[in-house]
Amino acid sequence: MSLDAFSRAVGAREGELGDASIGAAYFFLLLASFFTLRPLREEMGVAAGVENLPWLFMGTLGAMALVQPFFGALVTRTPRRAFIPIAYRAFGVMILGFYALFALAPEGGGVWAMRAFYVWTSVFNLFVVSVFWGFMADAFTSEQGRRLFPFIG
């Protein structure tokens, strides 16, 4: 398939295929990061006690309700070019913090760390996807979004 045929199949007009491809690669890597963490999250949720899974879901809801107002305030007060790197760096620091926490946890300990990681991973997934689509909505016009978002997604 030629590049022109691919552009037409995607719905990209002249000069849009590169940006749409970068957006698709960005989304792929974002989802890859979550699907890399997800088996760890599931294992930690089970290790923390299957009977506690409903409480972990409630913890996720509570964490989202607690963090969302701060996240929203930061988004509205910070320019996009500054906010996106801040958000992803903050998540990177948090994952390194969990690594250190698990490395330092005593043998057989760390049940609360596992539960926190389970909740954090769920919150991480929701926030990074919303940051991504917010960025895409800002990067493309509404008309471009209708044509290109199916390909990007």
# chains A, B, ... in the order shown; residues from 1 in each chain; ligands from 1
call {"tool": "residues_around", "arguments": {"residues": "Met44 in chain A", "least_positions_apart": "6", "cutoff": "8 Å", "atoms": "only C-alpha atoms", "output": "PyMOL selection string"}}
result
chain A and resi 114-115+117-118
call {"tool": "write_last_selection", "arguments": {"atoms": "C-alpha atoms", "output": "short mmCIF file (atom, residue, chain, number, x, y, z; two decimals), in the first residue's frame"}}
result
data_model
loop_
_atom_site.label_atom_id
_atom_site.label_comp_id
_atom_site.auth_asym_id
_atom_site.auth_seq_id
_atom_site.Cartn_x
_atom_site.Cartn_y
_atom_site.Cartn_z
CA MET A 114 0.77 -3.79 47.52
CA ARG A 115 -2.68 -2.36 48.14
CA PHE A 117 0.24 0.06 44.31
CA TYR A 118 -3.01 -1.55 43.16
#
call {"tool": "residues_around", "arguments": {"residues": "range 61-73 of chain A", "least_positions_apart": "6", "cutoff": "10 Å", "atoms": "only C-alpha atoms", "output": "PyMOL selection string"}}
result
chain A and resi 55+87+116+119-120+122-124+126-127
call {"tool": "residues_around", "arguments": {"residues": "Ile84 in chain A", "least_positions_apart": "3", "cutoff": "9 Å", "atoms": "only C-alpha atoms", "output": "list in words"}}
result
Pro79, Arg80, Arg81, Ala87, Tyr88, Arg89, Val131, Phe132 and Phe135 of chain A
call {"tool": "write_last_selection", "arguments": {"atoms": "N, CA and C atoms", "output": "mmCIF file, in the first residue's frame"}}
result
data_model
loop_
_atom_site.group_PDB
_atom_site.id
_atom_site.type_symbol
_atom_site.label_atom_id
_atom_site.label_comp_id
_atom_site.auth_asym_id
_atom_site.auth_seq_id
_atom_site.Cartn_x
_atom_site.Cartn_y
_atom_site.Cartn_z
ATOM 1 N N PRO A 79 0.135 25.893 31.786
ATOM 2 C CA PRO A 79 0.114 25.756 30.322
ATOM 3 C C PRO A 79 0.388 24.303 29.915
ATOM 4 N N ARG A 80 -0.242 23.885 28.831
ATOM 5 C CA ARG A 80 -0.130 22.500 28.366
ATOM 6 C C ARG A 80 1.325 22.086 28.176
ATOM 7 N N ARG A 81 2.130 22.953 27.606
ATOM 8 C CA ARG A 81 3.534 22.606 27.338
ATOM 9 C C ARG A 81 4.298 22.318 28.629
ATOM 10 N N ALA A 87 3.293 16.155 34.614
ATOM 11 C CA ALA A 87 2.446 15.002 34.954
ATOM 12 C C ALA A 87 3.198 13.693 34.760
ATOM 13 N N TYR A 88 3.849 13.528 33.621
ATOM 14 C CA TYR A 88 4.542 12.268 33.357
ATOM 15 C C TYR A 88 5.776 12.096 34.233
ATOM 16 N N ARG A 89 6.457 13.172 34.545
ATOM 17 C CA ARG A 89 7.592 13.064 35.473
ATOM 18 C C ARG A 89 7.118 12.693 36.867
ATOM 19 N N VAL A 131 -4.834 12.696 30.235
ATOM 20 C CA VAL A 131 -3.823 13.663 29.812
ATOM 21 C C VAL A 131 -3.568 13.503 28.316
ATOM 22 N N PHE A 132 -3.457 12.266 27.868
ATOM 23 C CA PHE A 132 -3.216 12.011 26.442
ATOM 24 C C PHE A 132 -4.328 12.585 25.579
ATOM 25 N N PHE A 135 -4.407 16.298 25.462
ATOM 26 C CA PHE A 135 -3.357 16.796 24.580
ATOM 27 C C PHE A 135 -3.777 16.649 23.112
#
call {"tool": "atom_distance", "arguments": {"atom1": "CA of Thr121 in chain A", "atom2": "CA of Leu40 in chain A"}}
result
9.3 Å
call {"tool": "closest_residue", "arguments": {"among": "A:Glu51, A:Asp19, A:Glu43, A:Glu14", "to": "Gly145 in chain A", "atoms": "only C-alpha atoms"}}
result
A:Asp19
call {"tool": "select_by_dssp", "arguments": {"residues": "chain A", "states": "alpha helix (DSSP H)", "output": "ChimeraX atom specification"}}
result
/A:3-10,17-47,53-77,80-104,111-139,142-152
call {"tool": "residues_around", "arguments": {"residues": "Ala24 in chain A", "least_positions_apart": "2", "cutoff": "8 Å", "atoms": "only C-alpha atoms", "output": "number ranges by chain"}}
result
A: 20-22, 26-28, 151-153
call {"tool": "closest_residue", "arguments": {"among": "A:Trp133, A:Phe140, A:Phe35, A:Phe98", "to": "Ala113 in chain A", "atoms": "only C-alpha atoms"}}
result
A:Phe98
call {"tool": "residues_around", "arguments": {"residues": "Glu143 in chain A", "least_positions_apart": "6", "cutoff": "12 Å", "atoms": "only C-alpha atoms", "output": "list in words"}}
result
Gly11, Ala12, Arg13, Ala137 and Phe149 of chain A
call {"tool": "atom_distance", "arguments": {"atom1": "CA of Met136 in chain A", "atom2": "CA of Gly23 in chain A"}}
result
7.4 Å
call {"tool": "decode", "arguments": {"residues": "range 52-78 of chain A", "atoms": "N, CA and C atoms", "output": "PDB file, in the first residue's frame"}}
result
ATOM      1  N   ASN A  52     -10.269  -8.850  49.712  1.00  0.00           N
ATOM      2  CA  ASN A  52     -10.105  -7.397  49.835  1.00  0.00           C
ATOM      3  C   ASN A  52     -10.263  -6.654  48.512  1.00  0.00           C
ATOM      4  N   LEU A  53     -10.460  -7.366  47.403  1.00  0.00           N
ATOM      5  CA  LEU A  53     -10.575  -6.696  46.110  1.00  0.00           C
ATOM      6  C   LEU A  53     -11.689  -5.651  46.066  1.00  0.00           C
ATOM      7  N   PRO A  54     -12.877  -5.924  46.616  1.00  0.00           N
ATOM      8  CA  PRO A  54     -13.888  -4.852  46.612  1.00  0.00           C
ATOM      9  C   PRO A  54     -13.415  -3.589  47.335  1.00  0.00           C
ATOM     10  N   TRP A  55     -12.633  -3.766  48.395  1.00  0.00           N
ATOM     11  CA  TRP A  55     -12.108  -2.607  49.115  1.00  0.00           C
ATOM     12  C   TRP A  55     -11.059  -1.871  48.290  1.00  0.00           C
ATOM     13  N   LEU A  56     -10.320  -2.619  47.469  1.00  0.00           N
ATOM     14  CA  LEU A  56      -9.348  -1.972  46.586  1.00  0.00           C
ATOM     15  C   LEU A  56     -10.056  -1.140  45.523  1.00  0.00           C
ATOM     16  N   PHE A  57     -11.191  -1.629  45.039  1.00  0.00           N
ATOM     17  CA  PHE A  57     -11.988  -0.838  44.085  1.00  0.00           C
ATOM     18  C   PHE A  57     -12.520   0.424  44.765  1.00  0.00           C
ATOM     19  N   MET A  58     -12.967   0.284  45.996  1.00  0.00           N
ATOM     20  CA  MET A  58     -13.432   1.456  46.745  1.00  0.00           C
ATOM     21  C   MET A  58     -12.271   2.418  47.004  1.00  0.00           C
ATOM     22  N   GLY A  59     -11.096   1.864  47.283  1.00  0.00           N
ATOM     23  CA  GLY A  59      -9.911   2.707  47.472  1.00  0.00           C
ATOM     24  C   GLY A  59      -9.573   3.485  46.211  1.00  0.00           C
ATOM     25  N   THR A  60      -9.746   2.834  45.064  1.00  0.00           N
ATOM     26  CA  THR A  60      -9.506   3.512  43.787  1.00  0.00           C
ATOM     27  C   THR A  60     -10.489   4.658  43.613  1.00  0.00           C
ATOM     28  N   LEU A  61     -11.754   4.413  43.901  1.00  0.00           N
ATOM     29  CA  LEU A  61     -12.768   5.465  43.811  1.00  0.00           C
ATOM     30  C   LEU A  61     -12.431   6.621  44.756  1.00  0.00           C
ATOM     31  N   GLY A  62     -12.062   6.293  45.977  1.00  0.00           N
ATOM     32  CA  GLY A  62     -11.705   7.326  46.951  1.00  0.00           C
ATOM     33  C   GLY A  62     -10.480   8.118  46.525  1.00  0.00           C
ATOM     34  N   ALA A  63      -9.476   7.420  46.014  1.00  0.00           N
ATOM     35  CA  ALA A  63      -8.260   8.112  45.559  1.00  0.00           C
ATOM     36  C   ALA A  63      -8.574   9.039  44.396  1.00  0.00           C
ATOM     37  N   MET A  64      -9.401   8.577  43.471  1.00  0.00           N
ATOM     38  CA  MET A  64      -9.779   9.427  42.339  1.00  0.00           C
ATOM     39  C   MET A  64     -10.534  10.663  42.824  1.00  0.00           C
ATOM     40  N   ALA A  65     -11.463  10.471  43.748  1.00  0.00           N
ATOM     41  CA  ALA A  65     -12.240  11.600  44.268  1.00  0.00           C
ATOM     42  C   ALA A  65     -11.346  12.580  45.024  1.00  0.00           C
ATOM     43  N   LEU A  66     -10.323  12.068  45.666  1.00  0.00           N
ATOM     44  CA  LEU A  66      -9.403  12.915  46.427  1.00  0.00           C
ATOM     45  C   LEU A  66      -8.424  13.663  45.519  1.00  0.00           C
ATOM     46  N   VAL A  67      -7.902  12.993  44.507  1.00  0.00           N
ATOM     47  CA  VAL A  67      -6.853  13.558  43.661  1.00  0.00           C
ATOM     48  C   VAL A  67      -7.415  14.441  42.550  1.00  0.00           C
ATOM     49  N   GLN A  68      -8.608  14.123  42.054  1.00  0.00           N
ATOM     50  CA  GLN A  68      -9.158  14.830  40.896  1.00  0.00           C
ATOM     51  C   GLN A  68      -9.248  16.345  41.073  1.00  0.00           C
ATOM     52  N   PRO A  69      -9.700  16.871  42.203  1.00  0.00           N
ATOM     53  CA  PRO A  69      -9.741  18.341  42.327  1.00  0.00           C
ATOM     54  C   PRO A  69      -8.358  18.996  42.197  1.00  0.00           C
ATOM     55  N   PHE A  70      -7.330  18.357  42.760  1.00  0.00           N
ATOM     56  CA  PHE A  70      -5.978  18.896  42.644  1.00  0.00           C
ATOM     57  C   PHE A  70      -5.479  18.792  41.203  1.00  0.00           C
ATOM     58  N   PHE A  71      -5.768  17.679  40.578  1.00  0.00           N
ATOM     59  CA  PHE A  71      -5.394  17.473  39.178  1.00  0.00           C
ATOM     60  C   PHE A  71      -6.079  18.514  38.295  1.00  0.00           C
ATOM     61  N   GLY A  72      -7.363  18.711  38.502  1.00  0.00           N
ATOM     62  CA  GLY A  72      -8.114  19.696  37.720  1.00  0.00           C
ATOM     63  C   GLY A  72      -7.592  21.109  37.919  1.00  0.00           C
ATOM     64  N   ALA A  73      -7.265  21.461  39.157  1.00  0.00           N
ATOM     65  CA  ALA A  73      -6.727  22.797  39.434  1.00  0.00           C
ATOM     66  C   ALA A  73      -5.375  22.979  38.758  1.00  0.00           C
ATOM     67  N   LEU A  74      -4.544  21.952  38.791  1.00  0.00           N
ATOM     68  CA  LEU A  74      -3.239  22.032  38.149  1.00  0.00           C
ATOM     69  C   LEU A  74      -3.386  22.158  36.631  1.00  0.00           C
ATOM     70  N   VAL A  75      -4.315  21.426  36.057  1.00  0.00           N
ATOM     71  CA  VAL A  75      -4.529  21.478  34.601  1.00  0.00           C
ATOM     72  C   VAL A  75      -4.989  22.876  34.182  1.00  0.00           C
ATOM     73  N   THR A  76      -5.903  23.471  34.928  1.00  0.00           N
ATOM     74  CA  THR A  76      -6.436  24.776  34.535  1.00  0.00           C
ATOM     75  C   THR A  76      -5.441  25.915  34.733  1.00  0.00           C
ATOM     76  N   ARG A  77      -4.482  25.742  35.640  1.00  0.00           N
ATOM     77  CA  ARG A  77      -3.542  26.827  35.956  1.00  0.00           C
ATOM     78  C   ARG A  77      -2.176  26.683  35.287  1.00  0.00           C
ATOM     79  N   THR A  78      -1.948  25.572  34.617  1.00  0.00           N
ATOM     80  CA  THR A  78      -0.637  25.309  34.036  1.00  0.00           C
ATOM     81  C   THR A  78      -0.744  25.219  32.521  1.00  0.00           C
TER      82      THR A  78
END
